[in-house]
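Notes follow once the structure below has been shown.
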Amino acid sequence: MSRIVVALLWLLHWLPLSIQAPIGRAIGLLLYAIIAPRRKVTLTNLRLCFPELSEAERRKLAREHFALAGRSLVERGLAWFASEERIRRLVRIDREDMLKKLVDAGQPVILLTPHFLGLDLGGTRMAISFNCVSIYARQKDAVIDRWLFHGRSRFGNQLLLRRDESIRASIKAMKEPRPFYYLPDMDNGPSESVFVPFFGVQAATLAALPRFAKLGAAVVVPCVTRMLPGGQGYVVELGDPWEHFPGTSVEADARRMNEFLEDRIRTMPAQYYWVHRRFKTRPPGEPKIY
């Protein structure tokens with residue numbers, strides 16, 4: 001089955017983005033209709049994070065999220081197969097010169113990259129301009145694992161690390177310097193996490209960002225990839241380097257990260273990765289959510 005998926009993505013990647021986009025949206029809406037468990041997770045997350053919305057508004061937002069997730073799936077073929085020239089044309093980097101100046105000056109950089117749906121194509125575009133380091137989670141399906149690895153490493157000289165070798169090797173790579181394309185906003189369980197609010201709900205939040213920043217003497221630069229409508233492509237939005245980070249405590253640093261994330265999500269709520277069980281790990285004594 002996975003070989004068929006890869007073959008379909010290869011075939012579809014030849015199409016203009018203006019044609020790929022509606023195909024992807026249709027697939028996403030079909031998945032919304034048939035994958036009840038992930039639909040339920042998405043609606044639960046939206047209910048917790050956007051209590052001010054009506055049930056009808058949350059269902060509309062959930063459907064749009066699945067439509068965009070379908071787009072991101074179909075358009076992943078671009079990350080795996082499209083030429084460098086085409087990716088440059090479809091994905092632009094805002095403030096690329098700012099990041100280049102930091103790297104050229106030898107400043108270690110952590111690219112704080114939340115799980116928005118465009119992050120794979122954003123990462124592919126970043127790899128064209130910068131030799132980065134990132135943490136790679138092996139996939140259970142060997143075919144998908146091979147192509148994901150290929151898509152993330154086929155341009156430049158990228159360094160992909162396993163989770164079990166991530167800390168020391170990531171810090172060393174940042175000091176070369178390589179920008180660290182880091183995705184710290186998922187619920188990875190209670191280990192090395194602290195409970196801080198995310199949209200007002202206590203969420204297990206990785207505390208590694210300030211640790212990496214301190215050990216690597218690195219600045220944190222927000223890096224968010226936004227999907228544009230139809231065939232307009234993507235834009236990687238680089239923010240100002242964070243000042244006074246790490247701060248006074250790990251909890252304060254985790255709250256700062258979540259507050260930043262909330263702010264960006266509000267600008268494009270359908271594009272965040274709501275199918276993830278973000279509130280799976282609960283504080284002691286609290287009931288399960290999902």
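Chain labels run A, B, ... following the order of the structure tokens; each chain numbers its residues from 1, and ligands are numbered from 1 in the order shown.
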Note to self: So that I can check the secondary structure, give me every residue of stretch 105-233 of chain A assigned helix (DSSP H, G or I) by backbone DSSP, as a ChimeraX atom specification.
What the structure shows: /A:119-129,142-153,163-174,208-216
Margin query: With only C-alpha atoms as the counted atoms, please give the residues lying no more than 12 Å from A:Asp263, apart from itself and same-chain residues fewer than 4 positions off, as a VMD selection string.
Written below: chain A and resid 114 198 to 199 222 224 256 to 259 267 to 269 272
Can you write just those residues out, C-alpha atoms, as an mmCIF file, in the first residue's frame?
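File again15.cif, as written:
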data_model
loop_
_atom_site.group_PDB
_atom_site.id
_atom_site.type_symbol
_atom_site.label_atom_id
_atom_site.label_comp_id
_atom_site.auth_asym_id
_atom_site.auth_seq_id
_atom_site.Cartn_x
_atom_site.Cartn_y
_atom_site.Cartn_z
ATOM 1 C CA PRO A 114 5.858 24.224 15.346
ATOM 2 C CA PHE A 198 -1.733 25.700 26.171
ATOM 3 C CA PHE A 199 -4.881 27.645 25.289
ATOM 4 C CA PRO A 222 10.713 31.331 15.197
ATOM 5 C CA VAL A 224 6.602 28.944 10.757
ATOM 6 C CA ARG A 256 6.679 31.539 26.538
ATOM 7 C CA MET A 257 6.907 28.910 23.823
ATOM 8 C CA ASN A 258 3.223 27.974 24.177
ATOM 9 C CA GLU A 259 2.131 31.615 24.202
ATOM 10 C CA THR A 267 -3.462 33.651 12.543
ATOM 11 C CA MET A 268 -4.146 30.331 10.748
ATOM 12 C CA PRO A 269 -6.074 27.995 13.079
ATOM 13 C CA TYR A 272 -2.072 23.521 13.037
#
Check: So what do you get for atom CA of A:Ile265 versus atom CA of A:Leu119, distance-wise?
Finding: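 These two atoms are separated by 13.7 Å.
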Checklist line | Residue among A:Ala56, A:Leu8, A:Val196, A:Leu68 lying closest to A:Leu31, counting only C-alpha atoms | finding: A:Leu68
I'd like a table as a Markdown table: residues in stretch 116-231 of chain A with an atom no more than 12 Å from stretch 10-16 of chain A, each row giving the shortest atom pair and its distance in Å to one decimal, only C-alpha atoms counted, sorted by chain and rising residue number.
| residue | atom | partner | partner_atom | distance |
| --- | --- | --- | --- | --- |
| A:Trp147 | CA | A:Trp10 | CA | 11.2 |
| A:Gly230 | CA | A:Pro16 | CA | 10.2 |
| A:Gly231 | CA | A:Pro16 | CA | 7.4 |
May I have the residues from that selection written out with all heavy atoms, as a compact mmCIF listing (two decimals), in the first residue's frame?
# COMPACT_ATOMS: atom_id res chain seq x y z
N TRP A 147 11.41 7.34 2.19
CA TRP A 147 11.12 8.53 1.39
C TRP A 147 11.08 9.79 2.24
O TRP A 147 11.47 10.87 1.77
CB TRP A 147 9.82 8.32 0.62
CG TRP A 147 10.05 7.45 -0.57
CD1 TRP A 147 9.72 6.14 -0.73
CD2 TRP A 147 10.73 7.83 -1.78
NE1 TRP A 147 10.14 5.67 -1.94
CE2 TRP A 147 10.76 6.69 -2.61
CE3 TRP A 147 11.31 9.02 -2.23
CZ2 TRP A 147 11.35 6.70 -3.87
CZ3 TRP A 147 11.89 9.03 -3.49
CH2 TRP A 147 11.90 7.89 -4.30
N GLY A 230 -4.76 27.85 -2.72
CA GLY A 230 -4.67 27.32 -4.08
C GLY A 230 -3.25 27.06 -4.53
O GLY A 230 -2.47 26.38 -3.88
N GLY A 231 -2.91 27.64 -5.67
CA GLY A 231 -1.60 27.41 -6.26
C GLY A 231 -0.57 28.44 -5.92
O GLY A 231 0.45 28.55 -6.62
Next item on the list: Identify which of the residues A:Ala203, A:Leu46, A:Leu215, A:Ala127 lies closest to A:Glu84, counting only C-alpha atoms when measuring atom-to-atom distances.
Entry: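 Closest to A:Glu84, using only C-alpha atoms: A:Ala127.
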Item checked: Distance criterion (only C-alpha atoms): nearest to A:Lys172 out of A:Pro22, A:Pro284, A:Gly216, A:Gly106 ->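 Distance minimum relative to A:Lys172 lands on A:Gly216.
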Selection: 9 Å around A:Val221, only C-alpha atoms, excl. self and same-chain fewer than 4 positions, as a PDB file with all heavy atoms, in the first residue's frame:
ATOM      1  N   LEU A  99      18.651  35.369   8.806  1.00  0.00           N
ATOM      2  CA  LEU A  99      19.189  34.096   9.282  1.00  0.00           C
ATOM      3  C   LEU A  99      20.585  33.860   8.724  1.00  0.00           C
ATOM      4  O   LEU A  99      21.477  33.371   9.440  1.00  0.00           O
ATOM      5  CB  LEU A  99      18.252  32.958   8.880  1.00  0.00           C
ATOM      6  CG  LEU A  99      18.679  31.551   9.301  1.00  0.00           C
ATOM      7  CD1 LEU A  99      18.873  31.456  10.806  1.00  0.00           C
ATOM      8  CD2 LEU A  99      17.661  30.508   8.825  1.00  0.00           C
ATOM      9  N   VAL A 109      21.966  28.703  16.092  1.00  0.00           N
ATOM     10  CA  VAL A 109      20.567  29.092  15.949  1.00  0.00           C
ATOM     11  C   VAL A 109      19.673  27.866  16.111  1.00  0.00           C
ATOM     12  O   VAL A 109      19.938  26.805  15.535  1.00  0.00           O
ATOM     13  CB  VAL A 109      20.303  29.726  14.568  1.00  0.00           C
ATOM     14  CG1 VAL A 109      18.809  29.997  14.375  1.00  0.00           C
ATOM     15  CG2 VAL A 109      21.103  31.012  14.392  1.00  0.00           C
ATOM     16  N   ILE A 110      18.603  28.028  16.893  1.00  0.00           N
ATOM     17  CA  ILE A 110      17.541  27.031  16.950  1.00  0.00           C
ATOM     18  C   ILE A 110      16.338  27.600  16.221  1.00  0.00           C
ATOM     19  O   ILE A 110      15.818  28.660  16.579  1.00  0.00           O
ATOM     20  CB  ILE A 110      17.142  26.701  18.401  1.00  0.00           C
ATOM     21  CG1 ILE A 110      18.324  26.129  19.172  1.00  0.00           C
ATOM     22  CG2 ILE A 110      15.967  25.716  18.420  1.00  0.00           C
ATOM     23  CD1 ILE A 110      18.049  25.934  20.651  1.00  0.00           C
ATOM     24  N   LEU A 111      15.910  26.922  15.163  1.00  0.00           N
ATOM     25  CA  LEU A 111      14.709  27.318  14.440  1.00  0.00           C
ATOM     26  C   LEU A 111      13.511  26.659  15.119  1.00  0.00           C
ATOM     27  O   LEU A 111      13.310  25.447  15.006  1.00  0.00           O
ATOM     28  CB  LEU A 111      14.803  26.883  12.976  1.00  0.00           C
ATOM     29  CG  LEU A 111      15.907  27.562  12.155  1.00  0.00           C
ATOM     30  CD1 LEU A 111      16.054  26.875  10.797  1.00  0.00           C
ATOM     31  CD2 LEU A 111      15.624  29.043  11.982  1.00  0.00           C
ATOM     32  N   LEU A 112      12.763  27.451  15.873  1.00  0.00           N
ATOM     33  CA  LEU A 112      11.590  26.939  16.582  1.00  0.00           C
ATOM     34  C   LEU A 112      10.474  26.719  15.565  1.00  0.00           C
ATOM     35  O   LEU A 112       9.855  27.659  15.077  1.00  0.00           O
ATOM     36  CB  LEU A 112      11.163  27.941  17.662  1.00  0.00           C
ATOM     37  CG  LEU A 112       9.839  27.669  18.368  1.00  0.00           C
ATOM     38  CD1 LEU A 112       9.798  26.269  18.965  1.00  0.00           C
ATOM     39  CD2 LEU A 112       9.581  28.733  19.434  1.00  0.00           C
ATOM     40  N   THR A 113      10.223  25.450  15.241  1.00  0.00           N
ATOM     41  CA  THR A 113       9.364  25.083  14.122  1.00  0.00           C
ATOM     42  C   THR A 113       8.161  24.293  14.619  1.00  0.00           C
ATOM     43  O   THR A 113       8.242  23.070  14.780  1.00  0.00           O
ATOM     44  CB  THR A 113      10.155  24.247  13.093  1.00  0.00           C
ATOM     45  OG1 THR A 113      11.376  24.918  12.774  1.00  0.00           O
ATOM     46  CG2 THR A 113       9.357  24.033  11.833  1.00  0.00           C
ATOM     47  N   LEU A 238      10.195  33.710   9.125  1.00  0.00           N
ATOM     48  CA  LEU A 238      11.205  33.744  10.184  1.00  0.00           C
ATOM     49  C   LEU A 238      10.954  34.972  11.052  1.00  0.00           C
ATOM     50  O   LEU A 238      10.814  36.086  10.540  1.00  0.00           O
ATOM     51  CB  LEU A 238      12.611  33.798   9.587  1.00  0.00           C
ATOM     52  CG  LEU A 238      13.021  32.598   8.723  1.00  0.00           C
ATOM     53  CD1 LEU A 238      14.424  32.809   8.156  1.00  0.00           C
ATOM     54  CD2 LEU A 238      12.970  31.304   9.528  1.00  0.00           C
ATOM     55  N   GLY A 239      10.914  34.756  12.369  1.00  0.00           N
ATOM     56  CA  GLY A 239      10.682  35.854  13.298  1.00  0.00           C
ATOM     57  C   GLY A 239      11.973  36.400  13.870  1.00  0.00           C
ATOM     58  O   GLY A 239      13.072  35.912  13.590  1.00  0.00           O
ATOM     59  N   ASP A 240      11.838  37.435  14.691  1.00  0.00           N
ATOM     60  CA  ASP A 240      13.004  38.013  15.363  1.00  0.00           C
ATOM     61  C   ASP A 240      13.598  37.018  16.348  1.00  0.00           C
ATOM     62  O   ASP A 240      12.865  36.270  17.016  1.00  0.00           O
ATOM     63  CB  ASP A 240      12.605  39.282  16.122  1.00  0.00           C
ATOM     64  CG  ASP A 240      12.225  40.420  15.189  1.00  0.00           C
ATOM     65  OD1 ASP A 240      12.804  40.499  14.092  1.00  0.00           O
ATOM     66  OD2 ASP A 240      11.356  41.231  15.578  1.00  0.00           O
ATOM     67  N   PRO A 241      14.932  36.981  16.476  1.00  0.00           N
ATOM     68  CA  PRO A 241      15.533  36.142  17.516  1.00  0.00           C
ATOM     69  C   PRO A 241      15.004  36.535  18.891  1.00  0.00           C
ATOM     70  O   PRO A 241      14.856  37.725  19.197  1.00  0.00           O
ATOM     71  CB  PRO A 241      17.033  36.452  17.388  1.00  0.00           C
ATOM     72  CG  PRO A 241      17.204  36.954  15.988  1.00  0.00           C
ATOM     73  CD  PRO A 241      15.940  37.689  15.668  1.00  0.00           C
ATOM     74  N   TRP A 242      14.692  35.545  19.703  1.00  0.00           N
ATOM     75  CA  TRP A 242      14.168  35.821  21.039  1.00  0.00           C
ATOM     76  C   TRP A 242      15.249  36.429  21.930  1.00  0.00           C
ATOM     77  O   TRP A 242      16.393  35.940  21.951  1.00  0.00           O
ATOM     78  CB  TRP A 242      13.659  34.534  21.687  1.00  0.00           C
ATOM     79  CG  TRP A 242      12.303  34.118  21.179  1.00  0.00           C
ATOM     80  CD1 TRP A 242      11.566  34.724  20.197  1.00  0.00           C
ATOM     81  CD2 TRP A 242      11.534  33.006  21.635  1.00  0.00           C
ATOM     82  NE1 TRP A 242      10.390  34.052  20.020  1.00  0.00           N
ATOM     83  CE2 TRP A 242      10.336  33.001  20.882  1.00  0.00           C
ATOM     84  CE3 TRP A 242      11.743  32.021  22.597  1.00  0.00           C
ATOM     85  CZ2 TRP A 242       9.347  32.033  21.070  1.00  0.00           C
ATOM     86  CZ3 TRP A 242      10.768  31.057  22.782  1.00  0.00           C
ATOM     87  CH2 TRP A 242       9.578  31.062  22.033  1.00  0.00           C
TER      88      TRP A 242
END
Notebook entry, point to check: Using only C-alpha atoms, which residues sit within 9 Å of A:Gln107 once same-chain residues fewer than 4 positions away are excluded, as a ChimeraX atom specification?
Noted result: /A:101-103,174-175,177,217-219
Note to self: Measuring between only C-alpha atoms, which one of A:Gln271, A:Thr281, A:Thr42, A:Gln20 shows the shortest distance to A:Ser193?
What the structure shows: A:Thr281
Note to self: Which residue is closest to A:Ile34? Choose from A:Arg76, A:Phe66, A:Phe50, A:Ala213 and count only C-alpha atoms.
What the structure shows: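 Residue with the minimum atom-to-atom distance to A:Ile34: A:Phe66.
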Next item on the list: Find the residues near A:Gln232: any atom within 12 Å, counting only C-alpha atoms, skip ones fewer than 5 places away on the same chain, and give them as a list in words.
Entry: Pro16, Leu17, Ser18, Ile19, Gln20, Ala21, Arg89, Leu90, Val91, Arg92, Arg226 and Met227 of chain A
Selected residues written out, N, CA, C and O atoms, as a PDB file, in the first residue's frame:
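Once written, result-v2.pdb looks like this:
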ATOM      1  N   PRO A  16       0.479  21.115 -11.869  1.00  0.00           N
ATOM      2  CA  PRO A  16       0.608  22.442 -11.250  1.00  0.00           C
ATOM      3  C   PRO A  16       0.002  22.436  -9.855  1.00  0.00           C
ATOM      4  O   PRO A  16      -0.947  21.681  -9.568  1.00  0.00           O
ATOM      5  N   LEU A  17       0.527  23.276  -8.977  1.00  0.00           N
ATOM      6  CA  LEU A  17       0.026  23.323  -7.608  1.00  0.00           C
ATOM      7  C   LEU A  17      -1.455  23.702  -7.579  1.00  0.00           C
ATOM      8  O   LEU A  17      -2.193  23.255  -6.699  1.00  0.00           O
ATOM      9  N   SER A  18      -1.895  24.499  -8.543  1.00  0.00           N
ATOM     10  CA  SER A  18      -3.300  24.903  -8.598  1.00  0.00           C
ATOM     11  C   SER A  18      -4.229  23.713  -8.852  1.00  0.00           C
ATOM     12  O   SER A  18      -5.424  23.784  -8.555  1.00  0.00           O
ATOM     13  N   ILE A  19      -3.701  22.619  -9.398  1.00  0.00           N
ATOM     14  CA  ILE A  19      -4.489  21.400  -9.596  1.00  0.00           C
ATOM     15  C   ILE A  19      -4.274  20.437  -8.435  1.00  0.00           C
ATOM     16  O   ILE A  19      -5.211  19.771  -7.979  1.00  0.00           O
ATOM     17  N   GLN A  20      -3.042  20.344  -7.936  1.00  0.00           N
ATOM     18  CA  GLN A  20      -2.782  19.484  -6.782  1.00  0.00           C
ATOM     19  C   GLN A  20      -3.617  19.893  -5.572  1.00  0.00           C
ATOM     20  O   GLN A  20      -4.114  19.043  -4.825  1.00  0.00           O
ATOM     21  N   ALA A  21      -3.746  21.210  -5.361  1.00  0.00           N
ATOM     22  CA  ALA A  21      -4.417  21.707  -4.157  1.00  0.00           C
ATOM     23  C   ALA A  21      -5.862  21.204  -4.044  1.00  0.00           C
ATOM     24  O   ALA A  21      -6.243  20.663  -2.994  1.00  0.00           O
ATOM     25  N   ARG A  89      10.669  28.272  -6.415  1.00  0.00           N
ATOM     26  CA  ARG A  89       9.596  29.081  -6.988  1.00  0.00           C
ATOM     27  C   ARG A  89       8.322  28.990  -6.148  1.00  0.00           C
ATOM     28  O   ARG A  89       7.588  29.978  -6.016  1.00  0.00           O
ATOM     29  N   LEU A  90       8.056  27.826  -5.556  1.00  0.00           N
ATOM     30  CA  LEU A  90       6.801  27.613  -4.826  1.00  0.00           C
ATOM     31  C   LEU A  90       6.891  27.970  -3.351  1.00  0.00           C
ATOM     32  O   LEU A  90       5.856  28.223  -2.712  1.00  0.00           O
ATOM     33  N   VAL A  91       8.095  27.959  -2.789  1.00  0.00           N
ATOM     34  CA  VAL A  91       8.258  28.205  -1.347  1.00  0.00           C
ATOM     35  C   VAL A  91       9.284  29.321  -1.161  1.00  0.00           C
ATOM     36  O   VAL A  91      10.446  29.154  -1.537  1.00  0.00           O
ATOM     37  N   ARG A  92       8.877  30.412  -0.593  1.00  0.00           N
ATOM     38  CA  ARG A  92       9.816  31.503  -0.348  1.00  0.00           C
ATOM     39  C   ARG A  92      10.105  31.604   1.149  1.00  0.00           C
ATOM     40  O   ARG A  92       9.304  31.172   1.988  1.00  0.00           O
ATOM     41  N   ARG A 226       3.683  28.788   6.308  1.00  0.00           N
ATOM     42  CA  ARG A 226       2.272  29.066   6.045  1.00  0.00           C
ATOM     43  C   ARG A 226       1.902  28.573   4.649  1.00  0.00           C
ATOM     44  O   ARG A 226       2.572  28.897   3.655  1.00  0.00           O
ATOM     45  N   MET A 227       0.817  27.791   4.567  1.00  0.00           N
ATOM     46  CA  MET A 227       0.275  27.372   3.281  1.00  0.00           C
ATOM     47  C   MET A 227      -0.564  28.518   2.730  1.00  0.00           C
ATOM     48  O   MET A 227      -1.438  29.041   3.425  1.00  0.00           O
TER      49      MET A 227
END
Checklist line | Residue nearest A:Leu61 - candidates A:Val275, A:Leu73, A:Leu206, A:Ala270, atoms counted: only C-alpha atoms | finding: A:Ala270
Go through stretch 164-209 of chain A residue by residue and, counting only C-alpha atoms, keep those with an atom at most 10 Å from stretch 128-134 of chain A; for each kept residue give the shortest atom pair and its distance in Å to one decimal, ordered by chain and increasing number, as JSON lines.
{"residue": "A:Ser166", "atom": "CA", "partner": "A:Ser134", "partner_atom": "CA", "distance": 8.4}
{"residue": "A:Ala169", "atom": "CA", "partner": "A:Val133", "partner_atom": "CA", "distance": 9.2}
{"residue": "A:Ser170", "atom": "CA", "partner": "A:Val133", "partner_atom": "CA", "distance": 6.7}
{"residue": "A:Ile171", "atom": "CA", "partner": "A:Val133", "partner_atom": "CA", "distance": 9.5}
{"residue": "A:Lys172", "atom": "CA", "partner": "A:Val133", "partner_atom": "CA", "distance": 9.9}
{"residue": "A:Ala173", "atom": "CA", "partner": "A:Val133", "partner_atom": "CA", "distance": 6.6}
{"residue": "A:Met174", "atom": "CA", "partner": "A:Val133", "partner_atom": "CA", "distance": 7.4}
{"residue": "A:Pro177", "atom": "CA", "partner": "A:Cys132", "partner_atom": "CA", "distance": 8.6}
{"residue": "A:Arg178", "atom": "CA", "partner": "A:Cys132", "partner_atom": "CA", "distance": 4.8}
{"residue": "A:Pro179", "atom": "CA", "partner": "A:Cys132", "partner_atom": "CA", "distance": 4.9}
{"residue": "A:Phe180", "atom": "CA", "partner": "A:Val133", "partner_atom": "CA", "distance": 4.9}
{"residue": "A:Tyr181", "atom": "CA", "partner": "A:Ser134", "partner_atom": "CA", "distance": 5.0}
{"residue": "A:Tyr182", "atom": "CA", "partner": "A:Ser134", "partner_atom": "CA", "distance": 6.1}
{"residue": "A:Leu183", "atom": "CA", "partner": "A:Ser134", "partner_atom": "CA", "distance": 8.6}
Would you mind listing what lies within 10 Å of A:Trp80 as a CSV table (one decimal) with N, CA, C and O atoms, in the first residue's frame, with only C-alpha atoms counted and same-chain residues fewer than 3 positions away left out?
chain,number,residue,atom,x,y,z
A,6,VAL,N,3.4,6.2,-2.6
A,6,VAL,CA,4.6,6.9,-3.1
A,6,VAL,C,4.5,7.1,-4.6
A,6,VAL,O,4.8,8.2,-5.2
A,9,LEU,N,2.0,9.9,-5.3
A,9,LEU,CA,2.6,11.2,-5.0
A,9,LEU,C,3.6,11.6,-6.2
A,9,LEU,O,3.7,12.8,-6.5
A,10,TRP,N,4.3,10.7,-6.7
A,10,TRP,CA,5.2,10.9,-7.8
A,10,TRP,C,4.5,11.4,-9.0
A,10,TRP,O,4.8,12.4,-9.7
A,13,HIS,N,2.9,15.0,-8.4
A,13,HIS,CA,3.8,16.1,-8.2
A,13,HIS,C,4.1,16.8,-9.6
A,13,HIS,O,4.6,18.0,-9.6
A,75,GLU,N,0.9,17.3,-1.6
A,75,GLU,CA,2.0,18.2,-2.0
A,75,GLU,C,3.3,17.8,-1.3
A,75,GLU,O,4.4,18.4,-1.7
A,76,ARG,N,3.3,16.8,-0.5
A,76,ARG,CA,4.6,16.2,0.0
A,76,ARG,C,5.4,15.6,-1.1
A,76,ARG,O,6.6,15.6,-1.0
A,77,GLY,N,4.7,15.2,-2.2
A,77,GLY,CA,5.4,14.7,-3.4
A,77,GLY,C,6.4,15.8,-3.9
A,77,GLY,O,7.4,15.4,-4.5
A,83,SER,N,12.1,19.5,-8.5
A,83,SER,CA,13.5,20.1,-8.6
A,83,SER,C,13.7,21.2,-7.7
A,83,SER,O,12.7,21.8,-7.2
A,120,ASP,N,6.9,20.4,6.3
A,120,ASP,CA,7.8,19.5,5.4
A,120,ASP,C,8.3,20.3,4.2
A,120,ASP,O,9.5,20.2,3.9
A,121,LEU,N,7.4,21.0,3.5
A,121,LEU,CA,7.9,21.7,2.4
A,121,LEU,C,8.8,22.9,2.9
A,121,LEU,O,9.7,23.3,2.2
A,124,THR,N,12.1,21.5,3.5
A,124,THR,CA,12.8,21.2,2.2
A,124,THR,C,13.4,22.5,1.6
A,124,THR,O,14.5,22.5,1.2
A,147,TRP,N,11.4,7.3,2.2
A,147,TRP,CA,11.1,8.5,1.4
A,147,TRP,C,11.1,9.8,2.2
A,147,TRP,O,11.5,10.9,1.8
A,148,LEU,N,10.6,9.7,3.5
A,148,LEU,CA,10.7,10.9,4.4
A,148,LEU,C,12.1,11.3,4.6
A,148,LEU,O,12.5,12.5,4.6
A,149,PHE,N,13.0,10.3,4.8
A,149,PHE,CA,14.4,10.6,5.0
A,149,PHE,C,15.0,11.2,3.8
A,149,PHE,O,15.8,12.2,3.8
A,150,HIS,N,14.6,10.7,2.6
A,150,HIS,CA,15.1,11.2,1.4
A,150,HIS,C,14.7,12.6,1.2
A,150,HIS,O,15.5,13.5,0.8
A,151,GLY,N,13.4,12.9,1.5
A,151,GLY,CA,12.9,14.3,1.3
A,151,GLY,C,13.6,15.3,2.1
A,151,GLY,O,13.7,16.4,1.7
A,152,ARG,N,14.0,14.9,3.3
A,152,ARG,CA,14.6,15.8,4.3
A,152,ARG,C,16.1,16.0,4.1
A,152,ARG,O,16.7,16.8,4.7
A,153,SER,N,16.7,15.1,3.3
A,153,SER,CA,18.1,15.1,3.2
A,153,SER,C,18.7,15.3,1.8
A,153,SER,O,19.9,15.3,1.6
A,154,ARG,N,17.8,15.4,0.8
A,154,ARG,CA,18.3,15.3,-0.6
A,154,ARG,C,19.0,16.6,-1.1
A,154,ARG,O,19.6,16.6,-2.1
Item checked: d(atom CA of A:Pro184, atom CA of A:Arg38) in Å ->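 Rounded to one decimal, the two atoms are 21.3 Å apart.
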